[in-house]
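Structure file protein.pdb (PDB, C-alpha atoms) follows.
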ATOM      1  CA  MET A   1      12.036  34.968 -80.545
ATOM      2  CA  THR A   2       9.570  35.024 -77.688
ATOM      3  CA  THR A   3       6.187  36.727 -77.764
ATOM      4  CA  ALA A   4       5.301  38.594 -74.562
ATOM      5  CA  SER A   5       1.924  37.478 -73.235
ATOM      6  CA  ASN A   6      -1.147  39.737 -73.129
ATOM      7  CA  THR A   7       0.367  42.322 -75.434
ATOM      8  CA  VAL A   8       1.078  42.837 -79.100
ATOM      9  CA  VAL A   9       4.855  43.130 -78.985
ATOM     10  CA  LYS A  10       7.593  40.558 -79.297
ATOM     11  CA  THR A  11      10.805  40.504 -77.285
ATOM     12  CA  SER A  12      14.304  39.116 -77.697
ATOM     13  CA  PRO A  13      17.569  39.531 -75.771
ATOM     14  CA  TYR A  14      19.607  42.677 -76.393
ATOM     15  CA  GLY A  15      23.226  42.808 -75.258
ATOM     16  CA  THR A  16      25.078  40.560 -72.856
ATOM     17  CA  GLY A  17      22.878  41.058 -69.808
ATOM     18  CA  SER A  18      19.143  41.043 -69.265
ATOM     19  CA  GLY A  19      18.258  43.923 -71.634
ATOM     20  CA  LEU A  20      15.490  43.338 -74.162
ATOM     21  CA  LEU A  21      14.726  44.365 -77.726
ATOM     22  CA  VAL A  22      10.989  45.050 -78.050
ATOM     23  CA  GLU A  23       9.436  45.004 -81.514
ATOM     24  CA  PRO A  24       5.865  45.404 -82.773
ATOM     25  CA  ALA A  25       3.593  42.544 -83.664
ATOM     26  CA  ALA A  26       0.470  43.035 -85.785
ATOM     27  CA  GLY A  27       1.274  46.660 -86.498
ATOM     28  CA  THR A  28       1.320  47.868 -82.901
ATOM     29  CA  ALA A  29       1.537  51.648 -82.527
ATOM     30  CA  LEU A  30       4.127  52.960 -80.086
ATOM     31  CA  ASP A  31       1.581  54.718 -77.893
ATOM     32  CA  ALA A  32      -0.659  51.619 -77.891
ATOM     33  CA  ILE A  33       1.898  49.536 -75.984
ATOM     34  CA  ASP A  34       0.362  48.292 -72.762
ATOM     35  CA  SER A  35       2.070  50.302 -70.014
ATOM     36  CA  ALA A  36       1.668  47.609 -67.359
ATOM     37  CA  LYS A  37       3.338  45.056 -69.632
ATOM     38  CA  LEU A  38       6.084  47.543 -70.478
ATOM     39  CA  LEU A  39       6.869  48.032 -66.779
ATOM     40  CA  GLU A  40       6.727  44.273 -66.201
ATOM     41  CA  LEU A  41       9.352  43.777 -68.902
ATOM     42  CA  LEU A  42      11.439  46.663 -67.577
ATOM     43  CA  LYS A  43      11.449  45.230 -64.059
ATOM     44  CA  GLU A  44      13.205  42.116 -65.331
ATOM     45  CA  ALA A  45      15.347  43.658 -68.064
ATOM     46  CA  GLY A  46      16.603  46.945 -66.606
ATOM     47  CA  PHE A  47      16.426  48.571 -70.037
ATOM     48  CA  LEU A  48      14.311  48.118 -73.163
ATOM     49  CA  LEU A  49      15.079  49.125 -76.748
ATOM     50  CA  LEU A  50      11.828  49.628 -78.691
ATOM     51  CA  ARG A  51      12.446  49.257 -82.421
ATOM     52  CA  GLY A  52      10.306  49.095 -85.546
ATOM     53  CA  PHE A  53       7.360  51.122 -84.260
ATOM     54  CA  ASP A  54       5.851  54.047 -86.143
ATOM     55  CA  THR A  55       7.396  56.697 -83.900
ATOM     56  CA  ASP A  56       7.172  60.471 -83.734
ATOM     57  CA  MET A  57       7.258  63.062 -80.969
ATOM     58  CA  THR A  58       3.502  62.794 -80.405
ATOM     59  CA  SER A  59       3.523  59.016 -79.906
ATOM     60  CA  PHE A  60       6.712  59.182 -77.801
ATOM     61  CA  THR A  61       5.161  61.807 -75.536
ATOM     62  CA  ALA A  62       1.970  59.754 -75.233
ATOM     63  CA  LEU A  63       3.876  56.588 -74.292
ATOM     64  CA  VAL A  64       5.810  58.427 -71.568
ATOM     65  CA  GLN A  65       2.616  59.954 -70.184
ATOM     66  CA  ASN A  66       0.649  56.690 -70.399
ATOM     67  CA  THR A  67       3.345  54.865 -68.426
ATOM     68  CA  SER A  68       4.145  57.520 -65.831
ATOM     69  CA  THR A  69       2.470  59.308 -62.949
ATOM     70  CA  SER A  70       4.475  62.498 -63.558
ATOM     71  CA  THR A  71       7.496  63.833 -65.409
ATOM     72  CA  THR A  72      10.510  65.888 -64.409
ATOM     73  CA  LEU A  73      13.286  67.700 -66.281
ATOM     74  CA  ASP A  74      16.770  69.061 -66.515
ATOM     75  CA  PRO A  75      16.186  72.824 -66.142
ATOM     76  CA  ALA A  76      19.251  73.567 -68.275
ATOM     77  CA  ARG A  77      17.625  72.018 -71.381
ATOM     78  CA  ASP A  78      14.837  73.269 -73.629
ATOM     79  CA  PHE A  79      11.491  71.511 -74.035
ATOM     80  CA  TYR A  80      10.350  70.086 -77.377
ATOM     81  CA  SER A  81       7.040  68.629 -76.133
ATOM     82  CA  ASP A  82       5.247  68.347 -72.807
ATOM     83  CA  VAL A  83       7.883  65.840 -71.666
ATOM     84  CA  ALA A  84      10.810  65.765 -74.099
ATOM     85  CA  GLN A  85      14.090  67.669 -74.042
ATOM     86  CA  LYS A  86      16.840  67.492 -76.638
ATOM     87  CA  VAL A  87      20.009  65.655 -75.628
ATOM     88  CA  ASP A  88      22.886  68.129 -75.885
ATOM     89  CA  ALA A  89      26.141  67.549 -74.025
ATOM     90  CA  GLY A  90      28.925  68.455 -76.427
ATOM     91  CA  LEU A  91      30.794  65.943 -78.542
ATOM     92  CA  ASP A  92      32.975  64.146 -75.994
ATOM     93  CA  GLU A  93      32.240  60.824 -74.389
ATOM     94  CA  VAL A  94      29.807  61.097 -71.468
ATOM     95  CA  GLY A  95      30.505  59.059 -68.341
ATOM     96  CA  LEU A  96      28.051  56.652 -66.766
ATOM     97  CA  HIS A  97      25.412  58.219 -64.531
ATOM     98  CA  THR A  98      21.768  58.150 -63.559
ATOM     99  CA  GLU A  99      19.647  61.142 -64.614
ATOM    100  CA  ASN A 100      19.544  63.698 -61.782
ATOM    101  CA  GLY A 101      21.357  61.073 -59.719
ATOM    102  CA  ASN A 102      23.518  63.643 -57.969
ATOM    103  CA  SER A 103      20.420  65.423 -56.644
ATOM    104  CA  PRO A 104      17.324  64.434 -54.618
ATOM    105  CA  PHE A 105      15.237  64.552 -57.805
ATOM    106  CA  ARG A 106      16.403  61.377 -59.533
ATOM    107  CA  SER A 107      13.625  60.082 -61.746
ATOM    108  CA  HIS A 108      12.453  56.476 -61.772
ATOM    109  CA  LEU A 109      12.699  56.149 -65.556
ATOM    110  CA  ALA A 110      14.855  57.693 -68.274
ATOM    111  CA  TRP A 111      13.471  57.688 -71.816
ATOM    112  CA  PHE A 112      15.185  58.335 -75.149
ATOM    113  CA  PHE A 113      13.737  58.884 -78.628
ATOM    114  CA  CYS A 114      16.141  58.721 -81.565
ATOM    115  CA  GLU A 115      14.517  60.788 -84.279
ATOM    116  CA  LYS A 116      17.650  60.642 -86.438
ATOM    117  CA  ALA A 117      20.538  58.247 -85.815
ATOM    118  CA  ALA A 118      24.172  59.161 -86.400
ATOM    119  CA  SER A 119      25.960  57.389 -89.242
ATOM    120  CA  SER A 120      28.785  56.374 -86.891
ATOM    121  CA  GLY A 121      29.618  56.379 -83.176
ATOM    122  CA  SER A 122      27.513  58.383 -80.724
ATOM    123  CA  GLN A 123      25.936  55.300 -79.148
ATOM    124  CA  THR A 124      24.181  55.649 -75.826
ATOM    125  CA  THR A 125      25.795  53.324 -73.291
ATOM    126  CA  VAL A 126      24.074  51.354 -70.541
ATOM    127  CA  CYS A 127      25.479  49.549 -67.517
ATOM    128  CA  ASP A 128      23.358  47.422 -65.188
ATOM    129  CA  GLY A 129      24.012  48.299 -61.546
ATOM    130  CA  TYR A 130      22.961  44.806 -60.432
ATOM    131  CA  ARG A 131      25.836  43.331 -62.425
ATOM    132  CA  VAL A 132      28.283  45.992 -61.258
ATOM    133  CA  TRP A 133      27.546  45.411 -57.581
ATOM    134  CA  GLU A 134      28.064  41.677 -57.952
ATOM    135  CA  ALA A 135      31.312  42.163 -59.906
ATOM    136  CA  LEU A 136      32.943  44.578 -57.449
ATOM    137  CA  SER A 137      35.456  43.088 -55.031
ATOM    138  CA  PRO A 138      34.368  42.343 -51.442
ATOM    139  CA  ALA A 139      36.588  45.214 -50.291
ATOM    140  CA  ALA A 140      34.897  47.677 -52.638
ATOM    141  CA  ARG A 141      31.412  46.522 -51.651
ATOM    142  CA  GLU A 142      32.398  46.877 -47.999
ATOM    143  CA  ALA A 143      33.683  50.409 -48.570
ATOM    144  CA  PHE A 144      30.487  51.519 -50.294
ATOM    145  CA  SER A 145      28.270  49.694 -47.773
ATOM    146  CA  ALA A 146      29.987  51.201 -44.730
ATOM    147  CA  GLN A 147      28.738  54.718 -45.388
ATOM    148  CA  ASP A 148      26.777  56.785 -47.871
ATOM    149  CA  ILE A 149      28.226  59.121 -50.485
ATOM    150  CA  VAL A 150      27.616  62.879 -50.715
ATOM    151  CA  TYR A 151      27.232  65.097 -53.788
ATOM    152  CA  SER A 152      27.579  68.843 -53.239
ATOM    153  CA  ARG A 153      27.655  71.774 -55.655
ATOM    154  CA  TYR A 154      26.406  75.230 -56.576
ATOM    155  CA  VAL A 155      23.282  75.694 -58.745
ATOM    156  CA  SER A 156      22.464  79.045 -60.317
ATOM    157  CA  GLU A 157      19.225  80.895 -59.641
ATOM    158  CA  PRO A 158      17.681  80.296 -63.108
ATOM    159  CA  GLN A 159      18.404  76.568 -62.810
ATOM    160  CA  TRP A 160      16.856  76.010 -59.377
ATOM    161  CA  ARG A 161      13.903  78.201 -60.311
ATOM    162  CA  GLY A 162      13.327  76.132 -63.458
ATOM    163  CA  MET A 163      13.338  72.904 -61.465
ATOM    164  CA  ALA A 164      11.022  74.295 -58.788
ATOM    165  CA  HIS A 165       8.659  75.655 -61.452
ATOM    166  CA  HIS A 166       8.267  72.182 -62.926
ATOM    167  CA  LEU A 167       8.045  70.392 -59.566
ATOM    168  CA  MET A 168       5.206  72.761 -58.603
ATOM    169  CA  GLY A 169       3.279  71.680 -61.691
ATOM    170  CA  ARG A 170       4.104  74.886 -63.583
ATOM    171  CA  THR A 171       1.389  76.607 -61.561
ATOM    172  CA  LYS A 172       3.552  79.620 -60.763
ATOM    173  CA  PRO A 173       5.966  81.586 -62.955
ATOM    174  CA  ALA A 174       9.564  80.614 -62.245
ATOM    175  CA  GLU A 175      10.609  84.193 -61.542
ATOM    176  CA  GLU A 176       8.002  84.471 -58.767
ATOM    177  CA  ILE A 177       9.079  81.354 -56.871
ATOM    178  CA  GLN A 178      10.698  82.094 -53.520
ATOM    179  CA  ILE A 179      13.631  80.248 -52.006
ATOM    180  CA  SER A 180      11.304  79.254 -49.142
ATOM    181  CA  GLU A 181       9.175  77.327 -51.642
ATOM    182  CA  LEU A 182      12.204  75.414 -52.880
ATOM    183  CA  LEU A 183      13.141  74.632 -49.291
ATOM    184  CA  ALA A 184       9.596  73.394 -48.693
ATOM    185  CA  LEU A 185       9.852  71.113 -51.748
ATOM    186  CA  THR A 186      13.089  69.549 -50.511
ATOM    187  CA  GLY A 187      12.473  69.742 -46.767
ATOM    188  CA  THR A 188      11.012  66.246 -46.574
ATOM    189  CA  LEU A 189      13.666  64.683 -48.803
ATOM    190  CA  LYS A 190      16.068  62.582 -46.784
ATOM    191  CA  GLY A 191      19.727  63.566 -46.914
ATOM    192  CA  THR A 192      19.215  66.955 -48.577
ATOM    193  CA  GLU A 193      20.587  70.275 -47.339
ATOM    194  CA  ILE A 194      20.260  73.577 -49.206
ATOM    195  CA  VAL A 195      22.077  76.811 -48.395
ATOM    196  CA  PRO A 196      21.020  80.028 -50.208
ATOM    197  CA  GLU A 197      23.859  82.069 -51.706
ATOM    198  CA  ALA A 198      24.124  85.866 -51.854
ATOM    199  CA  ASP A 199      23.836  85.902 -55.678
ATOM    200  CA  GLY A 200      20.465  84.115 -55.647
ATOM    201  CA  GLY A 201      21.887  80.698 -56.360
ATOM    202  CA  ILE A 202      22.029  77.807 -53.924
ATOM    203  CA  ARG A 203      24.590  75.329 -52.700
ATOM    204  CA  TYR A 204      23.226  71.916 -51.897
ATOM    205  CA  SER A 205      24.466  68.615 -50.536
ATOM    206  CA  TYR A 206      22.744  65.296 -51.146
ATOM    207  CA  THR A 207      23.580  62.162 -49.169
ATOM    208  CA  THR A 208      22.604  58.778 -50.613
ATOM    209  CA  PRO A 209      23.887  55.190 -50.836
ATOM    210  CA  ALA A 210      26.204  54.337 -53.727
ATOM    211  CA  ALA A 211      24.310  51.051 -54.050
ATOM    212  CA  ASP A 212      20.641  51.107 -53.152
ATOM    213  CA  SER A 213      17.308  49.427 -53.725
ATOM    214  CA  THR A 214      15.434  50.189 -56.948
ATOM    215  CA  VAL A 215      11.927  51.321 -57.771
ATOM    216  CA  PHE A 216      11.074  47.665 -58.416
ATOM    217  CA  GLY A 217      12.649  45.946 -55.401
ATOM    218  CA  THR A 218      15.190  45.745 -52.591
ATOM    219  CA  ARG A 219      18.079  44.091 -54.433
ATOM    220  CA  PRO A 220      21.075  46.488 -54.229
ATOM    221  CA  SER A 221      22.144  48.162 -57.449
ATOM    222  CA  PHE A 222      25.308  50.205 -57.959
ATOM    223  CA  ALA A 223      23.525  52.933 -59.901
ATOM    224  CA  ASN A 224      24.875  56.409 -59.192
ATOM    225  CA  SER A 225      26.598  59.397 -60.773
ATOM    226  CA  ILE A 226      30.114  58.970 -59.393
ATOM    227  CA  LEU A 227      31.501  58.802 -62.950
ATOM    228  CA  GLY A 228      28.930  61.136 -64.461
ATOM    229  CA  PRO A 229      29.161  64.388 -66.416
ATOM    230  CA  SER A 230      28.477  68.012 -65.484
ATOM    231  CA  PHE A 231      27.975  69.575 -68.903
ATOM    232  CA  ASN A 232      25.523  72.299 -67.879
ATOM    233  CA  TYR A 233      26.471  72.647 -64.223
ATOM    234  CA  GLU A 234      29.354  73.112 -61.834
ATOM    235  CA  LYS A 235      31.137  69.788 -61.346
ATOM    236  CA  PRO A 236      29.943  68.345 -58.013
ATOM    237  CA  LYS A 237      32.252  67.396 -55.207
ATOM    238  CA  ILE A 238      31.679  63.712 -54.392
ATOM    239  CA  THR A 239      32.946  62.142 -51.162
ATOM    240  CA  PHE A 240      31.988  59.616 -48.556
ATOM    241  CA  ALA A 241      29.588  60.884 -45.905
ATOM    242  CA  ASP A 242      32.433  61.498 -43.448
ATOM    243  CA  GLY A 243      34.120  63.799 -45.966
ATOM    244  CA  THR A 244      36.886  61.431 -47.060
ATOM    245  CA  GLU A 245      37.729  61.175 -50.753
ATOM    246  CA  PHE A 246      37.428  57.976 -52.738
ATOM    247  CA  SER A 247      40.830  56.352 -52.984
ATOM    248  CA  PRO A 248      42.435  56.173 -56.443
ATOM    249  CA  GLU A 249      42.358  52.384 -56.167
ATOM    250  CA  LEU A 250      38.627  52.325 -55.411
ATOM    251  CA  LEU A 251      37.816  54.648 -58.302
ATOM    252  CA  ALA A 252      40.033  52.629 -60.620
ATOM    253  CA  GLU A 253      38.141  49.470 -59.722
ATOM    254  CA  VAL A 254      34.772  51.144 -60.318
ATOM    255  CA  GLU A 255      35.974  52.406 -63.699
ATOM    256  CA  ALA A 256      37.348  49.000 -64.704
ATOM    257  CA  VAL A 257      34.291  47.004 -63.611
ATOM    258  CA  THR A 258      31.792  49.373 -65.209
ATOM    259  CA  ALA A 259      33.812  49.556 -68.435
ATOM    260  CA  ALA A 260      33.761  45.765 -68.702
ATOM    261  CA  LEU A 261      29.992  45.667 -68.231
ATOM    262  CA  THR A 262      29.026  48.661 -70.373
ATOM    263  CA  GLU A 263      26.931  47.949 -73.476
ATOM    264  CA  ASN A 264      25.994  50.069 -76.480
ATOM    265  CA  LEU A 265      22.557  51.066 -77.673
ATOM    266  CA  ASP A 266      23.244  51.161 -81.394
ATOM    267  CA  TRP A 267      20.609  53.631 -82.498
ATOM    268  CA  GLN A 268      18.443  53.323 -85.598
ATOM    269  CA  HIS A 269      16.024  55.980 -86.829
ATOM    270  CA  GLY A 270      12.821  55.876 -84.752
ATOM    271  CA  ASP A 271      14.215  53.844 -81.849
ATOM    272  CA  VAL A 272      12.949  54.474 -78.316
ATOM    273  CA  ALA A 273      14.703  53.285 -75.160
ATOM    274  CA  VAL A 274      13.385  53.184 -71.610
ATOM    275  CA  ILE A 275      15.812  52.678 -68.735
ATOM    276  CA  ASP A 276      15.192  51.897 -65.078
ATOM    277  CA  ASN A 277      17.038  54.975 -63.800
ATOM    278  CA  THR A 278      17.273  53.511 -60.290
ATOM    279  CA  ARG A 279      19.114  50.414 -61.544
ATOM    280  CA  VAL A 280      20.880  51.078 -64.851
ATOM    281  CA  MET A 281      23.425  53.825 -65.471
ATOM    282  CA  HIS A 282      23.841  55.308 -68.931
ATOM    283  CA  GLY A 283      26.297  57.481 -70.819
ATOM    284  CA  ARG A 284      27.423  58.097 -74.394
ATOM    285  CA  ARG A 285      30.286  57.248 -76.696
ATOM    286  CA  ALA A 286      32.051  60.199 -78.295
ATOM    287  CA  ILE A 287      30.077  61.802 -81.111
ATOM    288  CA  THR A 288      31.796  61.168 -84.428
ATOM    289  CA  ASP A 289      28.789  62.245 -86.508
ATOM    290  CA  PRO A 290      26.965  65.253 -84.993
ATOM    291  CA  ASP A 291      24.120  64.967 -87.518
ATOM    292  CA  ARG A 292      21.798  63.166 -85.114
ATOM    293  CA  THR A 293      18.719  64.051 -83.086
ATOM    294  CA  ILE A 294      17.902  62.353 -79.781
ATOM    295  CA  TYR A 295      15.370  63.461 -77.193
ATOM    296  CA  ASN A 296      15.220  62.611 -73.512
ATOM    297  CA  ALA A 297      12.343  62.433 -71.017
ATOM    298  CA  LEU A 298      12.359  61.713 -67.291
ATOM    299  CA  SER A 299       9.430  60.337 -65.347
ATOM    300  CA  TYR A 300       8.129  58.774 -62.179
ATOM    301  CA  ILE A 301       5.888  55.726 -61.842
ATOM    302  CA  ALA A 302       3.676  54.386 -59.094
ATOM    303  CA  VAL A 303       6.006  52.334 -56.919
ATOM    304  CA  PRO A 304       4.948  48.680 -57.162
ATOM    305  CA  ALA A 305       3.509  47.272 -53.929
ATOM    306  CA  ALA A 306       6.181  44.578 -53.749
ATOM    307  CA  ALA A 307       9.048  47.090 -54.050
TER     308      ALA A 307
END
Conversion result in structure tokens:
Amino acid sequence: MTTASNTVVKTSPYGTGSGLLVEPAAGTALDAIDSAKLLELLKEAGFLLLRGFDTDMTSFTALVQNTSTSTTLDPARDFYSDVAQKVDAGLDEVGLHTENGNSPFRSHLAWFFCEKAASSGSQTTVCDGYRVWEALSPAAREAFSAQDIVYSRYVSEPQWRGMAHHLMGRTKPAEEIQISELLALTGTLKGTEIVPEADGGIRYSYTTPAADSTVFGTRPSFANSILGPSFNYEKPKITFADGTEFSPELLAEVEAVTAALTENLDWQHGDVAVIDNTRVMHGRRAITDPDRTIYNALSYIAVPAAA
């Protein structure tokens, strides 16, 4: 087992890729972890599983805030602290995705805090987009390199208002936010188009590469939400930028390659995971024991100068 320098944690490999298990040394508190060291480890690993720390919602919230410049949310979920929302997406398996990856508001990091682990099943899954991109066939990489992909769907008025409320720093009540303010928030975001609907909702389209650079560098990563869920929202339509559908053969290859490279986070009580949401997709195995409690937080970091 290797001890990370300039910090009081120890690290060891987790899974078959570059993921790391991070454990305390000398009684390190969760919220005392050096945030710069944590991000240094995450840059190399893609995801970290923090285990053995004295963890509660207060220390989890502090770690997220210490490491991040700001936080974001899923407006369809309830808050349990300044940053945390409870994971709730039914009992079925959840496909691989990046958080908010089918919108212009994808966070840099995705965090999870397992307050109570299930007795069986229910593992969170992770899949490193670096490995996926390298494992795809030349024909598949060519198809996804030739043009961007587009997500489009309807979002209800309460949902877009909730997102805008948070993006504006909660300085204005959600019910007072105008559609013009949402348009101003997204107007500078590349590849985003929003059309107001008569019922107060919106229909948006978001154009982005299927494989793109990450918050830590320019190496392409196949990290997207092509296979992802839509538990609280209308299922998005996903096509290439020219409007053509993905061929069954292309989707089948993506499903096969990602399935072969998907790993489990086998939760224990008190575990925390942090995932590079621009590089590593995540999902969930089917819930076989619903007596579990896991919280999620989403955040942004200062983009490293070398990225």
List every residue of stretch 68-171 of chain A that has an atom at most 12 Å from any atom of stretch 207-231 of chain A, and for each one report the closest atom pair and its distance in Å to one decimal, counting all atoms listed in the file, with rows sorted by chain and then by increasing residue number, as CSV.
residue,atom,partner,partner_atom,distance
A:Asp74,CA,A:Phe231,CA,11.5
A:Ala76,CA,A:Phe231,CA,9.6
A:Arg77,CA,A:Phe231,CA,10.9
A:Val87,CA,A:Phe231,CA,11.1
A:Asp88,CA,A:Phe231,CA,8.8
A:Ala89,CA,A:Phe231,CA,5.8
A:Gly90,CA,A:Phe231,CA,7.7
A:Leu91,CA,A:Phe231,CA,10.7
A:Asp92,CA,A:Phe231,CA,10.2
A:Glu93,CA,A:Pro229,CA,9.3
A:Val94,CA,A:Pro229,CA,6.1
A:Gly95,CA,A:Gly228,CA,4.7
A:Leu96,CA,A:Gly228,CA,5.1
A:His97,CA,A:Ser225,CA,4.1
A:Thr98,CA,A:Asn224,CA,5.6
A:Glu99,CA,A:Ser225,CA,8.1
A:Asn100,CA,A:Ser225,CA,8.3
A:Gly101,CA,A:Ser225,CA,5.6
A:Asn102,CA,A:Ser225,CA,5.9
A:Ser103,CA,A:Thr207,CA,8.7
A:Pro104,CA,A:Thr207,CA,8.6
A:Phe105,CA,A:Thr208,CA,11.8
A:Arg106,CA,A:Asn224,CA,9.8
A:Ser107,CA,A:Val215,CA,9.8
A:His108,CA,A:Val215,CA,6.5
A:Leu109,CA,A:Val215,CA,9.2
A:Val126,CA,A:Ala223,CA,10.8
A:Cys127,CA,A:Ala223,CA,8.6
A:Asp128,CA,A:Ala223,CA,7.6
A:Gly129,CA,A:Phe222,CA,4.3
A:Tyr130,CA,A:Ser221,CA,4.6
A:Arg131,CA,A:Ser221,CA,7.9
A:Val132,CA,A:Phe222,CA,6.1
A:Trp133,CA,A:Phe222,CA,5.3
A:Glu134,CA,A:Ser221,CA,8.8
A:Ala135,CA,A:Phe222,CA,10.2
A:Leu136,CA,A:Phe222,CA,9.5
A:Ala140,CA,A:Ala210,CA,11.0
A:Arg141,CA,A:Ala211,CA,8.8
A:Glu142,CA,A:Ala211,CA,10.9
A:Ala143,CA,A:Ala210,CA,9.9
A:Phe144,CA,A:Ala210,CA,6.2
A:Ser145,CA,A:Ala211,CA,7.5
A:Ala146,CA,A:Pro209,CA,9.5
A:Gln147,CA,A:Pro209,CA,7.3
A:Asp148,CA,A:Pro209,CA,4.4
A:Ile149,CA,A:Thr208,CA,5.6
A:Val150,CA,A:Thr207,CA,4.4
A:Tyr151,CA,A:Thr207,CA,6.6
A:Ser152,CA,A:Thr207,CA,8.8
A:Arg153,CA,A:Ser230,CA,10.6
A:Tyr154,CA,A:Ser230,CA,11.7
A:Val155,CA,A:Ser230,CA,11.5
Selection: 12 Å around A:Met163, all atoms listed in the file, excl. self and same-chain fewer than 4 positions, as a ChimeraX atom specification: /A:71-77,100,103-105,155-159,167-170,172-175,177,179,181-182,185-186
Can you pull out every residue within 10 Å of A:Gly121, counting all atoms listed in the file, but drop anything in the same chain fewer than 6 positions away, and send it as number ranges by chain? A: 264, 266-267, 284-290
To one decimal place, how far is atom CA of A:Ser299 from atom CA of A:Thr125 in Å? 19.5 Å
Any chance you could tabulate, as a Markdown table, the residues of stretch 95-177 of chain A at most 8 Å from stretch 45-66 of chain A with each one's nearest atom pair and distance in Å to one decimal, using all atoms listed in the file, in chain and rising number order?
| residue | atom | partner | partner_atom | distance |
| --- | --- | --- | --- | --- |
| A:Trp111 | CA | A:Val64 | CA | 7.7 |
| A:Phe113 | CA | A:Phe60 | CA | 7.1 |
| A:Glu115 | CA | A:Asp56 | CA | 7.4 |
| A:Asp128 | CA | A:Gly46 | CA | 6.9 |
Hey, can you spit out that residue selection with C-alpha atoms as a PDB file, in the frame of the given file?
ATOM      1  CA  TRP A 111      13.471  57.688 -71.816  1.00  0.00           C
ATOM      2  CA  PHE A 113      13.737  58.884 -78.628  1.00  0.00           C
ATOM      3  CA  GLU A 115      14.517  60.788 -84.279  1.00  0.00           C
ATOM      4  CA  ASP A 128      23.358  47.422 -65.188  1.00  0.00           C
TER       5      ASP A 128
END
Please report the interatomic distance between atom CA of A:Val280 and atom CA of A:Glu249 in Å with one decimal. 23.2 Å
Mind pulling up the distance from atom CA of A:Gly283 to atom CA of A:Gln123?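 Distance reported for this atom pair: 8.6 Å.
With all atoms listed in the file as the basis for measurement, A:Thr11 is the residue among A:Thr16, A:Ser180, A:Thr11, A:Gln268 that approaches A:Lys37 most closely.
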Please report, as lines of an AutoDock Vina configuration file, the centre and edge lengths in Å to one decimal of an axis-aligned box covering all listed atoms of stretch 9-16 of chain A with 4 Å per side.
center_x = 15.0
center_y = 41.1
center_z = -76.1
size_x = 28.2
size_y = 12.0
size_z = 14.4
